[in-house]
Amino acid sequence: MTDITTTWIVDRGVGDWSISGGALASGDDLATAVLISLFTDRRADDDDTLPDASDDRRGWWGDLDQDVPIGSRLWLLDRSRLSEDVANTAKGYVAEALQWMLDDQVAAGIAIATAIASRSQLNILVTITRHDGSVVPLKYSWAWSQV
């Protein structure tokens, strides 16, 4: 059985389920898993500085008492000015969010690159190597509002 296909909608900055023939589409399990891993809000660590100075550490309630939380801490960068330091931090958050794929042997290898494409756009390139040697490149563009 395959997962419901989730597609990234660039202009809105959200993921949504895909429809095919009037029903939910399925397939692209690897791309869907990466999308959920990157753009679901992982709970902030106790020592993280929250972007809105609140006490909302976000995260999914289903992660309570779990060894491996779902999602990433990319949301912590929402109010940061786009800089090389922020791009490097984003790269670390992406690696953290996708580590489960290596631990669970979903992927043989994962390469991550971040690049500032403009004053208001960060590109994230994730290249996943499967155990059969095939390579799956996935690119995400993140529009930056703090310029």
# chains A, B, ... in the order shown; residues from 1 in each chain; ligands from 1
$ residues_around --residues "A:Ala95" --least-positions-apart "2" --cutoff "10 Å" --atoms "only C-alpha atoms" --output "VMD selection string"
chain A and resid 38 72 89 to 93 97 to 100 110 to 113 126
$ write_last_selection --atoms "C-alpha atoms" --output "mmCIF file, in the first residue's frame"
data_model
loop_
_atom_site.group_PDB
_atom_site.id
_atom_site.type_symbol
_atom_site.label_atom_id
_atom_site.label_comp_id
_atom_site.auth_asym_id
_atom_site.auth_seq_id
_atom_site.Cartn_x
_atom_site.Cartn_y
_atom_site.Cartn_z
ATOM 1 C CA LEU A 38 10.663 19.034 6.527
ATOM 2 C CA SER A 72 11.707 19.784 11.522
ATOM 3 C CA THR A 89 21.220 26.348 10.401
ATOM 4 C CA ALA A 90 18.468 25.345 7.954
ATOM 5 C CA LYS A 91 20.788 22.681 6.517
ATOM 6 C CA GLY A 92 21.301 21.270 10.016
ATOM 7 C CA TYR A 93 17.567 21.258 10.705
ATOM 8 C CA ALA A 97 14.535 15.950 10.223
ATOM 9 C CA LEU A 98 15.655 13.337 7.679
ATOM 10 C CA GLN A 99 17.953 11.303 9.950
ATOM 11 C CA TRP A 100 15.178 8.789 10.530
ATOM 12 C CA ILE A 110 21.217 11.738 1.976
ATOM 13 C CA ALA A 111 22.998 14.844 0.705
ATOM 14 C CA ILE A 112 21.697 18.282 1.623
ATOM 15 C CA ALA A 113 22.560 21.664 0.157
ATOM 16 C CA VAL A 126 17.862 17.107 -0.851
#
$ residues_around --residues "stretch 46-61 of chain A" --least-positions-apart "5" --cutoff "10 Å" --atoms "only C-alpha atoms" --output "short mmCIF file (atom, residue, chain, number, x, y, z; two decimals) with N, CA and C atoms, in the first residue's frame"
data_model
loop_
_atom_site.label_atom_id
_atom_site.label_comp_id
_atom_site.auth_asym_id
_atom_site.auth_seq_id
_atom_site.Cartn_x
_atom_site.Cartn_y
_atom_site.Cartn_z
N THR A 40 6.56 19.80 8.60
CA THR A 40 5.74 19.63 9.79
C THR A 40 6.58 20.18 10.94
N ASP A 41 5.96 20.94 11.81
CA ASP A 41 6.70 21.59 12.89
C ASP A 41 7.07 20.59 13.98
N PRO A 69 10.92 12.31 17.08
CA PRO A 69 9.80 13.19 16.74
C PRO A 69 9.67 13.40 15.23
N ILE A 70 8.47 13.74 14.82
CA ILE A 70 8.17 14.00 13.41
C ILE A 70 8.42 15.48 13.13
N GLY A 71 8.88 15.78 11.92
CA GLY A 71 8.99 17.17 11.48
C GLY A 71 10.38 17.76 11.65
N SER A 72 10.43 19.07 11.43
CA SER A 72 11.71 19.78 11.52
C SER A 72 11.54 21.05 12.35
N ARG A 73 12.68 21.61 12.70
CA ARG A 73 12.68 22.87 13.44
C ARG A 73 12.89 24.07 12.51
N TRP A 75 10.79 25.92 11.24
CA TRP A 75 9.88 27.00 11.63
C TRP A 75 10.54 28.00 12.57
N LEU A 76 11.57 27.58 13.28
CA LEU A 76 12.26 28.49 14.19
C LEU A 76 12.96 29.63 13.45
N LEU A 77 13.16 29.46 12.15
CA LEU A 77 13.86 30.47 11.35
C LEU A 77 12.91 31.47 10.71
N ASP A 78 11.62 31.32 10.93
CA ASP A 78 10.61 32.16 10.26
C ASP A 78 10.87 33.65 10.37
N ARG A 79 11.34 34.12 11.47
CA ARG A 79 11.52 35.57 11.65
C ARG A 79 12.98 36.01 11.59
N SER A 80 13.82 35.12 11.11
CA SER A 80 15.24 35.45 10.98
C SER A 80 15.50 36.14 9.66
#
$ closest_residue --among "A:Gln105, A:Thr5, A:Ser18, A:Asn88" --to "A:Asn123" --atoms "only C-alpha atoms"
A:Asn88
$ closest_residue --among "A:Val68, A:Leu35, A:Ile19, A:Arg12" --to "A:Tyr140" --atoms "only C-alpha atoms"
A:Leu35
$ closest_residue --among "A:Ala87, A:Ile36, A:Leu122, A:Ala115" --to "A:Gly15" --atoms "only C-alpha atoms"
A:Ile36
$ atom_distance --atom1 "atom CA of A:Gly133" --atom2 "atom CA of A:Ile4"
24.9 Å
